[in-house]
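Here is the file model00.cif (mmCIF, C-alpha atoms).
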data_query
#
loop_
_atom_site.label_atom_id
_atom_site.label_comp_id
_atom_site.auth_asym_id
_atom_site.auth_seq_id
_atom_site.Cartn_x
_atom_site.Cartn_y
_atom_site.Cartn_z
CA MET N 46 57.52 -220.97 -15.29
CA ARG N 47 54.88 -221.27 -17.99
CA GLU N 48 52.52 -224.22 -18.10
CA LEU N 49 51.87 -225.05 -21.76
CA LEU N 50 49.63 -227.60 -23.46
CA ILE N 51 50.99 -228.56 -26.87
CA VAL N 52 48.71 -230.31 -29.35
CA GLU N 53 51.16 -232.11 -31.65
CA ASP N 54 51.36 -235.62 -33.16
CA SER N 55 55.02 -235.32 -34.19
CA GLU N 56 57.45 -235.94 -31.36
CA GLU N 57 60.24 -234.34 -33.41
CA ASP N 58 58.22 -231.12 -33.90
CA TYR N 59 57.28 -231.14 -30.22
CA PHE N 60 60.94 -231.18 -29.15
CA LEU N 61 61.71 -228.50 -31.74
CA THR N 62 59.07 -226.28 -30.13
CA LEU N 63 60.54 -226.95 -26.66
CA ALA N 64 64.05 -226.14 -27.85
CA THR N 65 62.87 -222.93 -29.53
CA LEU N 66 61.10 -221.76 -26.37
CA LYS N 67 64.18 -222.51 -24.24
CA ARG N 68 66.50 -220.74 -26.67
CA GLN N 69 64.22 -217.69 -26.64
CA GLY N 70 64.26 -217.52 -22.83
CA ILE N 71 60.89 -219.10 -22.01
CA GLN N 72 60.96 -221.41 -19.01
CA ALA N 73 58.10 -223.81 -19.62
CA GLN N 74 56.61 -227.01 -18.27
CA CYS N 75 54.96 -228.62 -21.29
CA GLU N 76 52.51 -231.45 -21.85
CA ARG N 77 51.87 -232.99 -25.27
CA VAL N 78 48.55 -234.42 -26.49
CA GLU N 79 47.66 -235.77 -29.93
CA ASP N 80 43.85 -235.88 -30.05
CA GLU N 81 40.64 -234.54 -28.57
CA VAL N 82 40.41 -237.18 -25.85
CA GLY N 83 43.88 -236.41 -24.60
CA MET N 84 43.27 -232.67 -24.78
CA ARG N 85 40.03 -232.88 -22.81
CA ALA N 86 41.72 -235.00 -20.13
CA ALA N 87 44.68 -232.61 -19.85
CA LEU N 88 42.46 -229.53 -19.56
CA ALA N 89 40.36 -231.24 -16.89
CA ARG N 90 43.42 -232.34 -14.90
CA LYS N 91 45.65 -229.26 -14.89
CA ARG N 92 45.69 -225.50 -15.27
CA PHE N 93 47.66 -224.12 -18.22
CA ASP N 94 48.86 -220.69 -19.32
CA ALA N 95 48.40 -221.26 -23.06
CA VAL N 96 47.76 -223.81 -25.79
CA ILE N 97 50.03 -224.28 -28.82
CA SER N 98 48.50 -226.43 -31.53
CA ASP N 99 49.53 -227.92 -34.84
CA HIS N 100 46.96 -227.45 -37.58
CA ASN N 101 46.75 -230.89 -39.22
CA LEU N 102 46.81 -234.02 -37.08
CA PRO N 103 45.72 -237.55 -38.06
CA ASN N 104 42.33 -237.36 -36.29
CA PHE N 105 42.27 -233.75 -35.14
CA SER N 106 42.89 -230.19 -36.29
CA SER N 107 43.60 -226.78 -34.85
CA PHE N 108 39.92 -225.87 -35.34
CA GLY N 109 38.88 -228.93 -33.35
CA ALA N 110 41.45 -228.11 -30.69
CA LEU N 111 40.17 -224.53 -30.47
CA ALA N 112 36.57 -225.75 -30.13
CA CYS N 113 37.67 -228.23 -27.45
CA LEU N 114 39.42 -225.44 -25.53
CA ARG N 115 36.44 -223.07 -25.72
CA ALA N 116 34.15 -225.82 -24.40
CA SER N 117 36.39 -226.45 -21.39
CA SER N 118 36.65 -224.74 -18.02
CA GLN N 119 39.81 -223.00 -19.30
CA SER N 120 38.07 -221.46 -22.30
CA ALA N 121 39.83 -218.10 -21.93
CA LEU N 122 43.33 -219.52 -22.49
CA PRO N 123 45.33 -218.02 -25.36
CA PHE N 124 45.55 -220.31 -28.39
CA ILE N 125 48.44 -220.22 -30.88
CA ILE N 126 48.64 -222.26 -34.06
CA VAL N 127 52.12 -223.48 -35.12
CA SER N 128 51.91 -225.34 -38.41
CA GLY N 129 53.82 -226.01 -41.59
CA GLU N 130 50.68 -226.42 -43.71
CA ILE N 131 48.07 -223.81 -42.79
CA GLY N 132 47.36 -221.34 -45.55
CA GLU N 133 46.56 -217.65 -45.19
CA ASP N 134 42.80 -218.13 -45.66
CA LEU N 135 42.64 -220.82 -42.98
CA ALA N 136 44.82 -218.72 -40.69
CA VAL N 137 42.45 -215.76 -41.06
CA GLN N 138 39.47 -218.04 -40.37
CA ALA N 139 41.19 -219.39 -37.26
CA MET N 140 41.83 -215.87 -35.99
CA ARG N 141 38.17 -215.01 -36.54
CA GLU N 142 37.14 -218.06 -34.54
CA GLY N 143 39.29 -217.06 -31.59
CA ALA N 144 42.91 -218.09 -32.20
CA ASP N 145 45.36 -215.51 -30.87
CA ASP N 146 48.13 -216.01 -33.42
CA TYR N 147 49.61 -218.40 -35.95
CA LEU N 148 53.20 -219.18 -36.98
CA LEU N 149 54.83 -221.40 -39.57
CA LYS N 150 57.00 -224.19 -38.19
CA GLY N 151 59.93 -223.07 -40.26
CA ARG N 152 59.68 -219.52 -38.93
CA LEU N 153 59.57 -219.64 -35.13
CA ALA N 154 61.73 -216.57 -34.48
CA ARG N 155 58.80 -214.75 -32.87
CA LEU N 156 57.34 -217.73 -30.96
CA SER N 157 58.24 -216.38 -27.52
CA THR N 158 56.99 -212.90 -28.40
CA ALA N 159 53.72 -214.26 -29.78
CA LEU N 160 53.27 -216.47 -26.70
CA GLU N 161 53.90 -213.68 -24.16
CA GLN N 162 51.70 -211.23 -26.04
CA ALA N 163 48.90 -213.77 -26.24
CA ILE N 164 49.16 -214.50 -22.51
CA GLU N 165 49.12 -210.75 -21.77
CA ARG N 166 46.05 -210.22 -23.96
CA ALA N 167 44.30 -213.14 -22.27
CA ALA N 168 45.03 -211.60 -18.87
CA LEU N 169 43.57 -208.31 -20.07
CA ARG N 170 40.47 -210.13 -21.35
CA ARG N 171 40.04 -211.85 -18.00
CA GLU N 172 40.40 -208.56 -16.17
CA ASN N 173 37.93 -206.91 -18.51
CA THR N 174 35.46 -209.75 -17.94
CA LEU N 175 35.88 -209.40 -14.17
CA GLN N 176 35.36 -205.64 -14.41
CA GLN N 177 32.22 -206.15 -16.47
CA GLN N 178 30.94 -208.67 -13.94
CA ARG N 179 31.65 -206.26 -11.09
CA LEU N 180 29.94 -203.48 -13.02
CA ALA N 181 26.91 -205.68 -13.67
CA GLN N 182 26.79 -206.60 -9.98
CA SER N 183 27.03 -202.93 -9.01
CA GLU N 184 24.28 -202.01 -11.45
CA ALA N 185 22.10 -204.82 -10.09
CA LYS N 186 22.68 -203.62 -6.52
CA LEU N 187 21.95 -200.04 -7.55
CA ALA N 188 18.74 -201.12 -9.29
CA ALA N 189 17.71 -203.11 -6.22
CA LEU N 190 18.47 -200.14 -3.96
CA SER N 191 16.55 -197.82 -6.28
CA ALA N 192 13.56 -200.18 -6.25
CA HIS N 193 13.73 -200.44 -2.47
CA LEU N 194 13.86 -196.65 -2.11
CA GLN N 195 10.96 -196.22 -4.52
CA HIS N 196 8.88 -198.73 -2.56
CA ALA N 197 9.82 -196.97 0.68
CA VAL N 198 8.87 -193.59 -0.77
CA GLU N 199 5.51 -194.86 -2.03
CA ARG N 200 4.83 -196.59 1.29
CA GLU N 201 5.65 -193.36 3.13
CA ARG N 202 3.45 -191.42 0.71
CA GLY N 203 0.59 -193.79 1.46
CA GLU N 204 1.02 -193.46 5.21
CA ILE N 205 1.23 -189.68 5.03
CA GLY N 206 -1.82 -189.65 2.77
CA ARG N 207 -3.83 -191.74 5.21
CA GLU N 208 -2.82 -189.50 8.13
CA LEU N 209 -3.62 -186.42 6.08
CA HIS N 210 -7.05 -187.80 5.19
CA ASP N 211 -7.96 -189.29 8.56
CA ASP N 212 -6.37 -186.83 11.00
CA VAL N 213 -5.80 -183.47 9.35
CA GLY N 214 -8.79 -183.72 7.03
CA GLY N 215 -11.07 -184.86 9.83
CA GLN N 216 -9.93 -182.11 12.17
CA LEU N 217 -10.28 -179.42 9.50
CA THR N 218 -13.79 -180.65 8.73
CA ALA N 219 -14.70 -180.56 12.44
CA LEU N 220 -13.19 -177.08 12.71
CA ARG N 221 -15.28 -175.93 9.77
CA PHE N 222 -18.47 -177.21 11.42
CA ASP N 223 -17.61 -175.23 14.56
CA LEU N 224 -16.84 -172.09 12.57
CA ASP N 225 -20.06 -172.48 10.63
CA TRP N 226 -22.02 -172.74 13.93
CA ILE N 227 -20.27 -169.62 15.25
CA GLU N 228 -21.03 -167.72 12.04
CA ARG N 229 -24.71 -168.65 12.20
CA HIS N 230 -25.04 -167.64 15.86
CA SER N 231 -23.13 -164.36 15.80
CA GLU N 232 -23.45 -160.84 14.47
CA GLY N 233 -21.27 -157.90 13.51
CA ASP N 234 -17.49 -158.22 13.64
CA LEU N 235 -17.63 -161.72 15.14
CA LYS N 236 -19.78 -162.94 12.24
CA ALA N 237 -17.40 -161.37 9.70
CA ARG N 238 -14.38 -162.94 11.40
CA ALA N 239 -16.09 -166.33 11.45
CA LEU N 240 -16.77 -166.02 7.71
CA ARG N 241 -13.11 -165.22 7.05
CA ALA N 242 -12.08 -168.20 9.20
CA LEU N 243 -14.48 -170.41 7.22
CA GLY N 244 -12.76 -169.28 4.01
CA THR N 245 -9.36 -170.09 5.49
CA ALA N 246 -10.56 -173.52 6.62
CA ASP N 247 -11.92 -174.22 3.12
CA GLU N 248 -8.59 -173.26 1.59
CA ALA N 249 -6.79 -175.57 4.04
CA LEU N 250 -9.16 -178.42 3.15
CA HIS N 251 -8.57 -177.86 -0.58
CA ALA N 252 -4.79 -177.79 0.01
CA ALA N 253 -4.97 -181.02 2.03
CA ARG N 254 -6.96 -182.72 -0.74
CA ARG N 255 -4.52 -181.47 -3.38
CA ILE N 256 -1.57 -182.82 -1.39
CA LEU N 257 -3.41 -186.10 -0.85
CA ARG N 258 -3.99 -186.46 -4.60
CA SER N 259 -0.30 -185.84 -5.33
CA LEU N 260 0.77 -188.40 -2.71
CA ARG N 261 -1.50 -191.11 -4.07
CA PRO N 262 -4.53 -190.16 -6.13
CA PRO N 263 -7.62 -191.87 -4.68
CA VAL N 264 -8.91 -192.13 -8.25
CA LEU N 265 -6.28 -194.84 -8.80
CA ASP N 266 -8.63 -197.16 -6.90
CA GLN N 267 -10.99 -196.85 -9.90
CA GLY N 268 -8.34 -198.13 -12.31
CA VAL N 269 -5.27 -196.88 -14.12
CA VAL N 270 -7.23 -195.47 -17.08
CA ALA N 271 -9.47 -193.43 -14.78
CA ALA N 272 -6.38 -192.17 -12.95
CA LEU N 273 -4.68 -191.18 -16.21
CA GLN N 274 -7.86 -189.41 -17.37
CA TRP N 275 -7.91 -187.43 -14.12
CA GLN N 276 -4.24 -186.61 -14.63
CA VAL N 277 -4.90 -185.36 -18.17
CA ARG N 278 -7.86 -183.21 -17.07
CA SER N 279 -5.84 -181.66 -14.25
CA PHE N 280 -2.95 -180.92 -16.62
CA THR N 281 -5.24 -179.22 -19.17
CA GLU N 282 -7.06 -177.18 -16.53
CA ARG N 283 -3.85 -176.05 -14.86
CA PHE N 284 -1.67 -175.26 -17.89
CA GLY N 285 -4.16 -174.70 -20.71
CA VAL N 286 -2.42 -177.22 -22.98
CA ARG N 287 -4.64 -179.55 -25.01
CA ALA N 288 -4.17 -183.12 -23.87
CA ALA N 289 -6.07 -186.30 -24.68
CA LEU N 290 -5.88 -189.92 -23.60
CA ALA N 291 -6.66 -192.86 -25.91
CA PHE N 292 -6.87 -196.44 -24.63
CA ASN N 293 -7.87 -199.83 -25.97
CA ALA N 294 -9.05 -201.34 -22.66
CA GLU N 295 -9.37 -200.77 -18.94
CA PRO N 296 -7.24 -203.46 -17.28
CA ARG N 297 -8.80 -204.77 -14.07
CA ASP N 298 -6.02 -206.95 -12.73
CA LEU N 299 -2.89 -204.81 -12.78
CA GLU N 300 -0.55 -205.14 -9.82
CA PRO N 301 -0.58 -201.97 -7.65
CA ASP N 302 3.13 -201.31 -8.35
CA ILE N 303 2.54 -201.47 -12.11
CA ALA N 304 -0.49 -199.18 -12.03
CA LEU N 305 1.25 -196.67 -9.78
CA THR N 306 4.39 -196.66 -11.94
CA LEU N 307 2.30 -195.93 -15.04
CA LEU N 308 0.71 -193.03 -13.20
CA ARG N 309 4.11 -191.73 -12.05
CA ALA N 310 5.39 -191.98 -15.63
CA GLY N 311 2.48 -189.85 -16.80
CA GLN N 312 3.05 -187.42 -13.96
CA GLU N 313 6.78 -187.07 -14.72
CA ALA N 314 6.17 -186.62 -18.45
CA LEU N 315 3.40 -184.04 -18.03
CA THR N 316 5.42 -182.13 -15.44
CA ASN N 317 8.41 -181.93 -17.79
CA ILE N 318 6.17 -180.89 -20.69
CA ALA N 319 4.66 -178.10 -18.61
CA LYS N 320 8.10 -176.87 -17.48
CA HIS N 321 10.19 -177.19 -20.63
CA ALA N 322 8.43 -178.34 -23.80
CA GLN N 323 6.48 -175.21 -24.86
CA ALA N 324 3.99 -177.67 -26.36
CA THR N 325 0.47 -176.90 -27.51
CA GLU N 326 -0.73 -180.52 -27.76
CA VAL N 327 -0.07 -183.70 -25.81
CA ALA N 328 -1.31 -187.17 -26.74
CA LEU N 329 -1.34 -190.11 -24.33
CA ASP N 330 -1.97 -193.65 -25.54
CA PHE N 331 -2.51 -196.57 -23.15
CA VAL N 332 -2.46 -200.08 -24.62
CA ASP N 333 -3.22 -203.36 -22.86
CA MET N 334 -1.32 -206.04 -24.80
CA GLY N 335 -2.18 -208.99 -22.58
CA ASP N 336 1.09 -209.92 -20.90
CA GLU N 337 2.27 -206.31 -21.07
CA VAL N 338 0.87 -202.81 -20.86
CA SER N 339 2.30 -199.66 -22.37
CA LEU N 340 1.87 -195.93 -22.02
CA GLU N 341 3.05 -193.49 -24.69
CA ILE N 342 3.15 -189.74 -24.05
CA ALA N 343 3.95 -187.53 -27.05
CA ASP N 344 4.09 -183.73 -27.33
CA ASN N 345 4.72 -181.29 -30.16
CA GLY N 346 7.14 -179.15 -28.17
CA ILE N 347 10.71 -178.04 -28.74
CA GLY N 348 12.27 -181.41 -27.88
CA ILE N 349 15.00 -182.32 -25.43
CA ALA N 350 18.67 -181.79 -26.22
CA ALA N 351 20.94 -184.78 -25.57
CA ASP N 352 23.09 -182.80 -23.13
CA ALA N 353 20.00 -181.95 -21.07
CA LEU N 354 19.30 -185.65 -20.51
CA ALA N 355 22.92 -186.20 -19.52
CA LYS N 356 22.86 -183.60 -16.74
CA PRO N 357 23.60 -185.08 -13.30
CA GLU N 358 20.54 -183.32 -11.87
CA SER N 359 18.14 -185.07 -14.28
CA PHE N 360 16.87 -187.23 -11.44
CA GLY N 361 13.25 -187.45 -12.57
CA ILE N 362 13.82 -189.36 -15.82
CA SER N 363 16.74 -191.37 -14.40
CA GLY N 364 14.75 -192.39 -11.34
CA LEU N 365 11.76 -193.33 -13.48
CA ARG N 366 13.96 -195.46 -15.75
CA GLU N 367 15.41 -197.36 -12.77
CA ARG N 368 11.96 -197.83 -11.30
CA ILE N 369 10.65 -199.28 -14.56
CA ARG N 370 13.71 -201.50 -14.98
CA ALA N 371 13.30 -202.85 -11.45
CA LEU N 372 9.79 -203.99 -12.38
CA GLY N 373 11.08 -205.78 -15.48
CA GLY N 374 10.00 -203.11 -17.94
CA GLU N 375 11.50 -200.82 -20.56
CA MET N 376 11.49 -197.07 -21.12
CA ASP N 377 12.29 -195.28 -24.38
CA LEU N 378 12.68 -191.53 -24.75
CA ILE N 379 12.68 -190.18 -28.30
CA SER N 380 13.19 -186.47 -28.90
CA GLU N 381 13.53 -184.37 -32.04
CA THR N 382 14.84 -180.82 -31.95
CA GLY N 383 14.84 -180.07 -35.67
CA ALA N 384 12.19 -178.56 -37.90
CA LEU N 385 8.81 -177.67 -36.44
CA ALA N 386 7.07 -180.45 -38.38
CA THR N 387 9.19 -183.17 -36.79
CA ARG N 388 10.22 -181.90 -33.40
CA GLY N 389 8.76 -183.03 -30.11
CA THR N 390 9.30 -185.69 -27.47
CA THR N 391 7.81 -189.14 -27.02
CA LEU N 392 8.12 -191.20 -23.84
CA ILE N 393 7.19 -194.88 -24.13
CA VAL N 394 6.86 -197.06 -21.03
CA THR N 395 6.31 -200.81 -21.36
CA LEU N 396 5.68 -202.90 -18.25
CA PRO N 397 4.79 -206.53 -17.60
CA ARG N 398 1.37 -207.18 -16.13
CA ARG N 399 3.15 -208.78 -13.17
CA PRO N 400 6.34 -207.29 -11.66
CA GLY N 401 9.41 -209.27 -12.64
CA GLY N 402 8.11 -210.49 -16.01
CA SER N 403 11.17 -208.82 -17.47
CA THR N 404 11.27 -207.47 -20.98
CA ASP N 405 14.60 -205.76 -20.26
CA THR N 406 17.71 -207.89 -20.48
CA ARG N 407 20.33 -205.09 -20.34
#
As structure tokens, please, write out the structure in this file.
Amino acid sequence: MRELLIVEDSEEDYFLTLATLKRQGIQAQCERVEDEVGMRAALARKRFDAVISDHNLPNFSSFGALACLRASSQSALPFIIVSGEIGEDLAVQAMREGADDYLLKGRLARLSTALEQAIERAALRRENTLQQQRLAQSEAKLAALSAHLQHAVERERGEIGRELHDDVGGQLTALRFDLDWIERHSEGDLKARALRALGTADEALHAARRILRSLRPPVLDQGVVAALQWQVRSFTERFGVRAALAFNAEPRDLEPDIALTLLRAGQEALTNIAKHAQATEVALDFVDMGDEVSLEIADNGIGIAADALAKPESFGISGLRERIRALGGEMDLISETGALATRGTTLIVTLPRRPGGSTDTR
């Protein structure tokens, strides 16, 4: 049994519509209204399966009825115009504004077909909306989980770094003092062995400091620009690729999560450049825009193919994007793989000064 709301001022036309529906095999419980007040009251009182509306009424029209429907709690209902006066131009306009179909009153042979198809399409629209809502909820949960995991990883990095500095670093330093004492108070083979042990201890200390810097660079305490400058110097020294950082200001009040994410963005970009880009020059540009900060990393390498970014194992860029999105920021990756004069890759990260000041509404 279909529940139908019929917007019609003519009682004769109303009964004609009922008879047509019955003859075409549609079992329907119908309610007739003649104006906006009656339509609003009916929509607020009862659930319907569809609305069938005349076009011209004394104080109303099909366009007004459609607007009334879309403003109600049953806005997704299918809407069919049945009129003896609507022209083709008005019918096209009505369809553009959301009507599902229109029929002439003298030609109702396809009324039942139009009604059932409109109801089916409305059901598909509702299902699609529900699926989109579920997808959005899943994406929000995934983003929240990603942010939680990133925070957990950084927290664990910090704890490991502190233990490495306080425990391992302290013990290696103490060991070096002992080895140095042994070397100074021994001769022959024992002195030579102590010297070799001192070299090993120095290497272990250097390794511990290198690991500590990768976990959380202590230079970050001096500000994000200083940390990025250190990152650029290390990259140039290690890979022999020219790199330079330009900046318009040294921000002093960035949240730790924002500063660390900028540093991780630089780290991810420079790592990928070293591995894949075959670049000879890299330019980094940090800009403090007041409410937002941005970091742009551009190289003159061979570019990134679209299929490379789509690989399931591309966790670095994907993880960075989710991390930035969780903080309310945006990330753009632009890559050219054409002629030498235009090719290269540019990564642009924009973040709010405070986490959650979202610039990303996707």
Inset, instruction - Select, from N:Leu149, N:Leu307, N:Leu329, N:Leu315, the residue with the minimum atom-to-atom distance to Met376 (chain N), counting all atoms listed in the file. - result: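 Under the stated criterion, the closest residue is N:Leu307.
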Legend entry - region 318-323 of chain N surroundings by all atoms listed in the file, 7 Å radius, close-in-sequence under 2 positions cut, as an NGL selection string: :N and (284 or 314-316 or 325 or 346-348)
Legend entry - Pairwise distance for CA of Gly143 (chain N) and CA of Leu111 (chain N), rounded to one decimal in Å: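 That distance, rounded to one decimal, is 7.6 Å.
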Inset, instruction - Can you give me, as number ranges by chain, the residues this file yields under the PyMOL selection byres ((chain N and resi 91) around 12)? - result: N: 48-50, 74-76, 84-90, 92-95, 117-119
Inset, instruction - To one decimal in Å, tell me the separation between CA of Ala197 (chain N) and CA of Ala304 (chain N). - result: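 Pair CA of Ala197 (chain N) / CA of Ala304 (chain N) returns 16.5 Å.
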Legend entry - Target residues per the PyMOL selection byres ((chain N and resi 336) around 10), formatted as an NGL selection string: :N and (333-335 or 337-338 or 396-399 or 402)
Legend entry - Residue nearest Cys113 (chain N) among N:Ala64, N:Val52, N:Ala167, N:Val286 (counting all atoms listed in the file):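 Using all atoms listed in the file, Cys113 (chain N) sits closest to N:Val52.
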Inset, instruction - Enter the distance from CA of Tyr59 (chain N) to CA of Arg77 (chain N), in Å, rounded to one decimal. - result: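 Answer for the CA of Tyr59 (chain N) to CA of Arg77 (chain N) separation: 7.6 Å.
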Inset, instruction - Could you check which of N:Arg283, N:Ile51, N:Asp212, N:Leu220 is closest to Gly83 (chain N), using only C-alpha atoms? - result: N:Ile51
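Once the PyMOL selection byres ((chain N and resi 189) around 12) is applied to this file, the selection holds Gln182, Ser183, Glu184, Ala185, Lys186, Leu187, Ala188, Leu190, Ser191, Ala192, His193, Leu194, Gln195, His196, Glu367, Arg368, Ile369, Arg370, Ala371, Leu372 and Gly373 of chain N.
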What does the file look like for those residues with C-alpha atoms, as a PDB file, in the frame of the given file?
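Output below, filename result-v3.pdb:
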ATOM      1  CA  GLN N 182      26.790-206.600  -9.980  1.00  0.00           C
ATOM      2  CA  SER N 183      27.030-202.930  -9.010  1.00  0.00           C
ATOM      3  CA  GLU N 184      24.280-202.010 -11.450  1.00  0.00           C
ATOM      4  CA  ALA N 185      22.100-204.820 -10.090  1.00  0.00           C
ATOM      5  CA  LYS N 186      22.680-203.620  -6.520  1.00  0.00           C
ATOM      6  CA  LEU N 187      21.950-200.040  -7.550  1.00  0.00           C
ATOM      7  CA  ALA N 188      18.740-201.120  -9.290  1.00  0.00           C
ATOM      8  CA  LEU N 190      18.470-200.140  -3.960  1.00  0.00           C
ATOM      9  CA  SER N 191      16.550-197.820  -6.280  1.00  0.00           C
ATOM     10  CA  ALA N 192      13.560-200.180  -6.250  1.00  0.00           C
ATOM     11  CA  HIS N 193      13.730-200.440  -2.470  1.00  0.00           C
ATOM     12  CA  LEU N 194      13.860-196.650  -2.110  1.00  0.00           C
ATOM     13  CA  GLN N 195      10.960-196.220  -4.520  1.00  0.00           C
ATOM     14  CA  HIS N 196       8.880-198.730  -2.560  1.00  0.00           C
ATOM     15  CA  GLU N 367      15.410-197.360 -12.770  1.00  0.00           C
ATOM     16  CA  ARG N 368      11.960-197.830 -11.300  1.00  0.00           C
ATOM     17  CA  ILE N 369      10.650-199.280 -14.560  1.00  0.00           C
ATOM     18  CA  ARG N 370      13.710-201.500 -14.980  1.00  0.00           C
ATOM     19  CA  ALA N 371      13.300-202.850 -11.450  1.00  0.00           C
ATOM     20  CA  LEU N 372       9.790-203.990 -12.380  1.00  0.00           C
ATOM     21  CA  GLY N 373      11.080-205.780 -15.480  1.00  0.00           C
TER      22      GLY N 373
END
Inset, instruction - Write out as JSON, numbers by chain which residues come within 10 Å of region 137-142 of chain N when counting all atoms listed in the file, dropping same-chain ones fewer than 5 positions away. - result: {"N": [100, 107, 108, 111, 112, 124, 125, 126, 131, 132, 147]}
Inset, instruction - Between N:Glu295, N:Glu133, N:Asp145, N:Glu381, single out the one closest to Ile349 (chain N), counting all atoms listed in the file. - result: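 Selected residue with least distance to Ile349 (chain N): N:Glu381.
Take the candidates N:Leu260, N:Arg241, N:Arg309, N:Asp344 and check each one against Arg287 (chain N) using all atoms listed in the file; the shortest distance goes to N:Asp344.
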Inset, instruction - Check the smallest atom-to-atom distance from each of N:Arg255, N:Ile362, N:Ile393, N:Asp377 to Phe331 (chain N) using all atoms listed in the file, then report the winner. - result: N:Ile393
Centre, edges in Å (one decimal): axis-aligned box, region 209-227 of chain N, 4 Å padding on all six sides, as lines of an AutoDock Vina configuration file:
center_x = -12.8
center_y = -179.5
center_z = 10.2
size_x = 26.4
size_y = 27.7
size_z = 18.1
Legend entry - Spatial neighbours of Gln276 (chain N), max dist 10 Å, all atoms listed in the file, sep filter under 3 positions, as a VMD selection string: chain N and resid 262 264 270 to 273 279 to 281 288 290 308 311 to 312 315
Inset, instruction - Mind checking which residues fall within 10 Å of Phe222 (chain N), counting all atoms listed in the file, ignoring those fewer than 6 positions away in the same chain, and posting them as a PyMOL selection string? - result: chain N and resi 216+228+243+246
